[in-house]
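Shown below: structure.cif, with mmCIF, C-alpha atoms.
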```cif
data_structure
#
loop_
_atom_site.label_atom_id
_atom_site.label_comp_id
_atom_site.auth_asym_id
_atom_site.auth_seq_id
_atom_site.Cartn_x
_atom_site.Cartn_y
_atom_site.Cartn_z
CA MET A 19 44.71 -16.00 -12.15
CA LYS A 20 42.23 -13.26 -13.06
CA ILE A 21 40.76 -15.46 -15.80
CA VAL A 22 40.28 -18.34 -13.37
CA VAL A 23 38.40 -16.09 -10.94
CA GLN A 24 36.24 -14.77 -13.79
CA LEU A 25 35.51 -18.32 -14.96
CA ILE A 26 34.53 -19.41 -11.44
CA PHE A 27 32.30 -16.33 -11.15
CA ALA A 28 30.68 -17.05 -14.53
CA CYS A 29 30.09 -20.72 -13.64
CA GLY A 30 28.59 -19.69 -10.29
CA LEU A 31 26.32 -17.18 -12.04
CA ILE A 32 25.15 -19.80 -14.54
CA ALA A 33 24.48 -22.29 -11.73
CA VAL A 34 22.42 -19.71 -9.82
CA LEU A 35 20.47 -18.49 -12.86
CA GLU A 36 19.67 -22.05 -13.89
CA GLY A 37 17.30 -22.20 -10.92
CA CYS A 38 15.26 -19.30 -12.28
CA SER A 39 12.25 -19.97 -14.46
CA ILE A 40 9.35 -17.91 -15.72
CA VAL A 41 6.02 -19.03 -14.28
CA LYS A 42 3.27 -18.43 -16.79
CA GLY A 43 0.22 -16.44 -15.74
CA TYR A 44 -2.06 -19.46 -15.89
CA GLU A 45 0.29 -21.62 -13.83
CA ARG A 46 0.30 -19.43 -10.72
CA GLU A 47 -2.34 -21.27 -8.70
CA LYS A 48 0.06 -22.37 -6.00
CA LEU A 49 1.83 -19.00 -5.96
CA ALA A 50 -1.53 -17.25 -5.58
CA ASP A 51 -2.32 -19.19 -2.41
CA PRO A 52 -2.74 -16.79 0.56
CA ILE A 53 -0.09 -18.74 2.47
CA MET A 54 2.46 -17.51 -0.07
CA GLU A 55 1.91 -13.89 0.95
CA ARG A 56 4.71 -12.41 2.99
CA ALA A 57 2.34 -10.36 5.11
CA ASN A 58 0.02 -13.26 5.74
CA GLN A 59 2.35 -15.72 7.43
CA PHE A 60 0.35 -15.94 10.62
CA SER A 61 2.09 -19.00 12.04
CA LYS A 62 5.55 -17.55 11.37
CA GLN A 63 4.59 -14.17 12.79
CA SER A 64 3.18 -15.62 16.00
CA LEU A 65 6.29 -17.75 16.44
CA GLU A 66 8.53 -14.73 15.90
CA GLN A 67 6.48 -12.76 18.42
CA LYS A 68 6.78 -15.57 20.94
CA PHE A 69 10.60 -15.54 20.57
CA PHE A 70 10.64 -11.74 20.73
CA SER A 71 8.58 -11.53 23.91
CA THR A 72 10.59 -14.34 25.55
CA ARG A 73 13.85 -12.60 24.70
CA GLU A 74 12.70 -9.12 25.66
CA GLY A 75 10.51 -10.17 28.57
CA SER A 76 7.79 -7.91 27.26
CA ILE A 77 4.63 -9.55 26.07
CA GLY A 78 2.77 -7.37 23.59
CA GLY A 79 5.70 -5.02 23.19
CA ALA A 80 5.89 -5.62 19.48
CA VAL A 81 2.29 -4.83 18.65
CA GLY A 82 1.44 -2.22 21.29
CA ILE A 83 -2.23 -1.37 21.33
CA GLY A 84 -2.91 1.85 23.22
CA GLY A 85 -0.71 4.67 24.29
CA GLY A 86 1.80 3.10 26.66
CA CYS A 87 -0.19 3.60 29.86
CA GLY A 88 0.75 0.13 31.01
CA CYS A 89 -2.83 -1.09 30.79
CA ALA A 90 -3.33 -4.68 29.70
CA LYS A 91 -6.48 -3.77 27.75
CA MET B 24 23.95 10.39 -18.80
CA THR B 25 26.87 8.22 -19.73
CA TRP B 26 26.89 5.90 -22.72
CA ARG B 27 26.42 2.95 -20.34
CA SER B 28 23.15 4.44 -19.07
CA TYR B 29 21.98 4.77 -22.68
CA ILE B 30 22.77 1.11 -23.36
CA VAL B 31 20.88 -0.01 -20.23
CA LEU B 32 17.92 2.19 -21.23
CA ILE B 33 17.86 0.81 -24.78
CA LEU B 34 18.10 -2.81 -23.58
CA THR B 35 15.26 -2.24 -21.08
CA ALA B 36 13.10 -0.72 -23.82
CA ILE B 37 13.83 -3.70 -26.12
CA ALA B 38 12.96 -6.15 -23.32
CA CYS B 39 9.66 -4.36 -22.59
CA THR B 40 8.70 -4.18 -26.27
CA SER B 41 9.40 -7.85 -26.88
CA ALA B 42 7.40 -8.84 -23.77
CA TYR B 43 4.45 -6.80 -25.09
CA ALA B 44 4.83 -8.36 -28.54
CA LEU B 45 4.81 -11.83 -26.98
CA ASP B 46 1.63 -11.02 -25.02
CA GLN B 47 -0.12 -9.84 -28.17
CA ALA B 48 1.07 -12.87 -30.18
CA MET B 49 -2.47 -14.15 -30.77
CA VAL B 50 -3.94 -10.89 -32.05
CA GLY B 51 -4.61 -11.01 -35.79
CA LYS B 52 -4.41 -14.79 -35.93
CA THR B 53 -7.19 -17.32 -36.37
CA ALA B 54 -8.37 -18.50 -32.96
CA PRO B 55 -7.32 -22.14 -32.56
CA ASN B 56 -10.26 -24.48 -32.21
CA PHE B 57 -10.70 -26.45 -28.98
CA THR B 58 -13.19 -28.78 -27.41
CA LEU B 59 -13.74 -28.78 -23.67
CA ARG B 60 -16.31 -30.07 -21.22
CA THR B 61 -18.41 -27.72 -19.11
CA LEU B 62 -17.49 -27.09 -15.48
CA ASP B 63 -20.05 -29.65 -14.30
CA GLY B 64 -18.86 -32.09 -16.95
CA ALA B 65 -22.33 -32.46 -18.44
CA LYS B 66 -21.72 -31.21 -21.99
CA SER B 67 -18.83 -30.48 -24.27
CA TYR B 68 -18.44 -27.47 -26.55
CA SER B 69 -16.05 -26.46 -29.33
CA LEU B 70 -15.14 -22.95 -30.38
CA SER B 71 -16.43 -23.81 -33.87
CA ASP B 72 -19.94 -24.15 -32.35
CA PHE B 73 -20.04 -20.34 -32.12
CA LYS B 74 -18.96 -19.52 -35.65
CA GLY B 75 -20.69 -16.39 -36.99
CA GLN B 76 -20.83 -14.82 -33.50
CA VAL B 77 -18.50 -12.42 -31.73
CA VAL B 78 -16.91 -14.58 -29.04
CA ILE B 79 -15.23 -13.42 -25.85
CA ILE B 80 -12.90 -16.17 -24.67
CA ASP B 81 -12.21 -15.37 -21.04
CA PHE B 82 -9.67 -17.32 -19.01
CA TRP B 83 -10.40 -17.31 -15.29
CA ALA B 84 -9.53 -19.11 -12.06
CA SER B 85 -10.96 -19.25 -8.55
CA TRP B 86 -7.64 -17.95 -7.18
CA CYS B 87 -7.72 -14.87 -9.38
CA ALA B 88 -9.20 -11.92 -7.48
CA PRO B 89 -10.09 -9.65 -10.45
CA CYS B 90 -12.01 -12.57 -12.06
CA LYS B 91 -14.71 -12.00 -9.43
CA ARG B 92 -15.40 -8.60 -10.99
CA SER B 93 -14.74 -9.40 -14.65
CA LEU B 94 -17.06 -12.42 -15.03
CA PRO B 95 -20.31 -10.61 -14.04
CA LYS B 96 -19.36 -7.75 -16.38
CA LEU B 97 -18.83 -10.14 -19.27
CA ALA B 98 -22.19 -11.75 -18.50
CA GLN B 99 -23.70 -8.26 -18.68
CA ILE B 100 -22.18 -7.75 -22.15
CA GLU B 101 -23.60 -11.07 -23.35
CA ARG B 102 -27.02 -10.10 -22.01
CA THR B 103 -27.10 -6.66 -23.57
CA HIS B 104 -25.48 -7.40 -26.94
CA LYS B 105 -26.98 -9.54 -29.65
CA ASN B 106 -24.81 -12.12 -31.35
CA VAL B 107 -22.13 -11.99 -28.64
CA ARG B 108 -21.16 -15.14 -26.78
CA VAL B 109 -18.96 -15.40 -23.71
CA VAL B 110 -16.98 -18.62 -23.50
CA SER B 111 -15.27 -18.58 -20.14
CA ILE B 112 -12.55 -21.13 -19.54
CA ASN B 113 -11.55 -22.11 -16.03
CA ILE B 114 -8.01 -23.31 -15.43
CA ASP B 115 -8.19 -24.43 -11.79
CA ASP B 116 -6.45 -27.66 -10.82
CA ASP B 117 -9.43 -28.69 -8.70
CA ARG B 118 -12.90 -28.67 -10.25
CA LYS B 119 -14.48 -28.25 -6.78
CA ASN B 120 -12.84 -24.84 -6.24
CA ALA B 121 -14.01 -23.67 -9.66
CA LEU B 122 -17.57 -24.89 -9.11
CA ASN B 123 -17.84 -23.23 -5.67
CA PHE B 124 -16.54 -19.95 -7.06
CA PHE B 125 -18.84 -20.05 -10.07
CA ARG B 126 -21.92 -20.97 -8.02
CA ARG B 127 -21.28 -18.13 -5.60
CA LEU B 128 -21.14 -15.66 -8.49
CA ASN B 129 -24.36 -17.14 -9.91
CA ILE B 130 -23.94 -15.85 -13.46
CA PRO B 131 -25.56 -17.43 -16.52
CA ILE B 132 -22.55 -17.75 -18.84
CA LEU B 133 -20.94 -20.79 -20.38
CA SER B 134 -17.93 -22.01 -18.45
CA LEU B 135 -15.64 -24.72 -19.70
CA PHE B 136 -13.00 -26.57 -17.69
CA ASP B 137 -9.35 -26.78 -18.76
CA PRO B 138 -7.49 -28.33 -15.80
CA GLU B 139 -4.53 -29.40 -17.95
CA LYS B 140 -4.25 -25.79 -19.22
CA LYS B 141 -3.79 -27.01 -22.79
CA VAL B 142 -6.10 -24.38 -24.24
CA ALA B 143 -4.52 -21.66 -22.06
CA ALA B 144 -1.11 -22.66 -23.42
CA LYS B 145 -2.45 -22.69 -26.99
CA TYR B 146 -3.73 -19.12 -26.55
CA VAL B 147 -0.50 -17.98 -24.83
CA VAL B 148 -2.49 -16.52 -21.90
CA PRO B 149 -0.19 -13.92 -20.33
CA GLU B 150 -2.02 -13.06 -17.08
CA MET B 151 -5.20 -13.91 -15.24
CA PRO B 152 -7.82 -12.94 -16.22
CA SER B 153 -7.28 -12.56 -19.94
CA ALA B 154 -10.07 -11.99 -22.43
CA LEU B 155 -9.64 -12.50 -26.17
CA ILE B 156 -12.24 -11.04 -28.47
CA VAL B 157 -12.79 -13.15 -31.58
CA ASP B 158 -14.66 -11.69 -34.54
CA LYS B 159 -17.38 -13.41 -36.59
CA SER B 160 -14.85 -14.93 -38.97
CA GLY B 161 -12.88 -16.51 -36.12
CA VAL B 162 -9.92 -14.12 -35.96
CA VAL B 163 -8.62 -12.85 -32.60
CA ARG B 164 -9.01 -9.08 -32.77
CA TYR B 165 -8.29 -7.89 -29.23
CA LEU B 166 -6.63 -9.15 -26.09
CA HIS B 167 -7.50 -7.63 -22.72
CA ILE B 168 -5.00 -8.53 -20.03
CA GLY B 169 -6.22 -8.33 -16.43
CA TYR B 170 -9.37 -6.46 -15.48
CA ALA B 171 -10.21 -3.08 -14.01
CA ASP B 172 -13.67 -1.49 -14.03
CA SER B 173 -12.20 1.44 -15.97
CA GLU B 174 -11.54 -0.94 -18.90
CA PHE B 175 -15.16 -2.04 -19.21
CA GLU B 176 -16.11 0.74 -21.65
CA THR B 177 -13.14 -0.11 -23.86
CA ILE B 178 -14.15 -3.78 -23.99
CA VAL B 179 -17.71 -2.79 -24.92
CA LYS B 180 -16.42 -0.45 -27.65
CA HIS B 181 -14.24 -3.21 -29.10
CA ILE B 182 -17.17 -5.62 -29.16
CA GLU B 183 -19.53 -3.11 -30.72
CA ALA B 184 -16.96 -2.41 -33.43
CA LEU B 185 -17.06 -6.08 -34.41
CA GLN B 186 -20.84 -6.50 -34.44
#
```

Before we go any further, please render this structure as structure tokens.
Amino acid sequence: MKIVVQLIFACGLIAVLEGCSIVKGYEREKLADPIMERANQFSKQSLEQKFFSTREGSIGGAVGIGGGCGCAK
Amino acid sequence: MTWRSYIVLILTAIACTSAYALDQAMVGKTAPNFTLRTLDGAKSYSLSDFKGQVVIIDFWASWCAPCKRSLPKLAQIERTHKNVRVVSINIDDDRKNALNFFRRLNIPILSLFDPEKKVAAKYVVPEMPSALIVDKSGVVRYLHIGYADSEFETIVKHIEALQ
């Protein structure tokens, strides 16, 4: 039984690792696109903020500018 | 440390050493000849056209941020050193991006276009930018991976050693 589990684990590991490949330095044009940056996903961020403010009922709560005086600006 | 830690350490060291060895694969070998057209497509050049000169083969791309700093510096080396030629090779997919980037920099160096990246593959370019320094007899003597302003003096020293 133990061998079967180990075999299944090994097969699963091989299947997962098969998807990995080394991208050469000169082939990284698409990966270097600004849209690939995690911190630069403007559309995703704004969507997440929209969900957050809808759920929390607090527009601007996630990015608070100012010191919490309740001012809009 | 347990014996397992030692094994992991040794394997990591081996992996790092072999990666470095792979990067430096071209050093000491004769630079393979190539023929490419210029960025604007007007002329074509071969590496053999520059025989008898110290050649800096620099691989660059419009999407590579350090290339913005390295290309003007290489142009400066070509300007200030006799018998040194910079052959920059662009590897963008789209010629338009490369041309816009190059025109904005406005530097008077030769730039060839390798959209199929055949020459980059031939030279086993590890990172962008990469500059190979080829001596007068056509042998690759140095490989500079990436670019930082602090490396400029080293590049100049290497070139002056080959003159």

Should the cut-off be 9 Å, what would the residue list for chain B against chain A look like, counting all atoms listed in the file, as a ChimeraX atom specification? /B:82-87,114-116,140,143-144,147-152

Go ahead and compute the interatomic distance for CA of Ser111 (chain B) and CA of Lys145 (chain B), in Å to one decimal. 15.1 Å

Run the PyMOL selection byres ((chain B and resi 171) around 9) on the file and write out the hits as a ChimeraX atom specification. /B:89,92-93,169-170,172-175

Store the residues picked out above in a file with C-alpha atoms, as a short mmCIF file (atom, residue, chain, number, x, y, z; two decimals), in the coordinates of the input.
```cif
data_model
loop_
_atom_site.label_atom_id
_atom_site.label_comp_id
_atom_site.auth_asym_id
_atom_site.auth_seq_id
_atom_site.Cartn_x
_atom_site.Cartn_y
_atom_site.Cartn_z
CA PRO B 89 -10.09 -9.65 -10.45
CA ARG B 92 -15.40 -8.60 -10.99
CA SER B 93 -14.74 -9.40 -14.65
CA GLY B 169 -6.22 -8.33 -16.43
CA TYR B 170 -9.37 -6.46 -15.48
CA ASP B 172 -13.67 -1.49 -14.03
CA SER B 173 -12.20 1.44 -15.97
CA GLU B 174 -11.54 -0.94 -18.90
CA PHE B 175 -15.16 -2.04 -19.21
#
```

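Once His104 (chain B) and its same-chain neighbours fewer than 2 positions away are set aside, Gln76, Val77, Val78, Ile79, Leu97, Ala98, Gln99, Ile100, Glu101, Arg102, Asn106, Val107, Arg108, Val109, Val179, Lys180, Ile182, Glu183, Ala184, Leu185 and Gln186 of chain B remain within 12 Å of it when counting only C-alpha atoms.
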
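Across the structure, CA of Asp63 (chain B) and CA of Leu122 (chain B) are spaced 7.5 Å apart.
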
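For the set B:Val142, B:Leu166, B:Met49, B:Cys90, the residue with the smallest atom-to-atom gap to Leu128 (chain B) is B:Cys90, counting only C-alpha atoms.
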
Coordinates-based distance that separates CA of Pro95 (chain B) from CA of Arg127 (chain B) (Å, one decimal):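 Between CA of Arg127 (chain B) and CA of Pro95 (chain B) the gap works out to 11.3 Å.
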
Which residues are close to Ile112 (chain B), i.e. within 7 Å by only C-alpha atoms, leaving aside same-chain residues fewer than 4 positions away? Reply as a list in words. Asp81, Phe82, Trp83, Ser134, Leu135, Phe136 and Asp137 of chain B

Residues matched by the PyMOL selection byres ((chain B and resi 70-73) around 6), written as a CSV table (one decimal) with C-alpha atoms, keeping the file's coordinate frame:
```csv
chain,number,residue,atom,x,y,z
B,56,ASN,CA,-10.3,-24.5,-32.2
B,57,PHE,CA,-10.7,-26.4,-29.0
B,69,SER,CA,-16.0,-26.5,-29.3
B,74,LYS,CA,-19.0,-19.5,-35.6
B,76,GLN,CA,-20.8,-14.8,-33.5
```

Is it possible to get the axis-aligned box enclosing region 67-70 of chain B (all listed atoms, 6 Å extra per side) as AutoDock Vina command-line options, with centre and edge lengths in Å rounded to one decimal?
```
--center_x -17.0 --center_y -26.7 --center_z -27.3 --size_x 15.7 --size_y 19.5 --size_z 18.1
```

Starting from the PyMOL selection byres ((chain B and resi 165) around 7), expand the selection into actual residues of this file and give them as a PyMOL selection string. chain B and resi 50+155-156+163-164+166-167
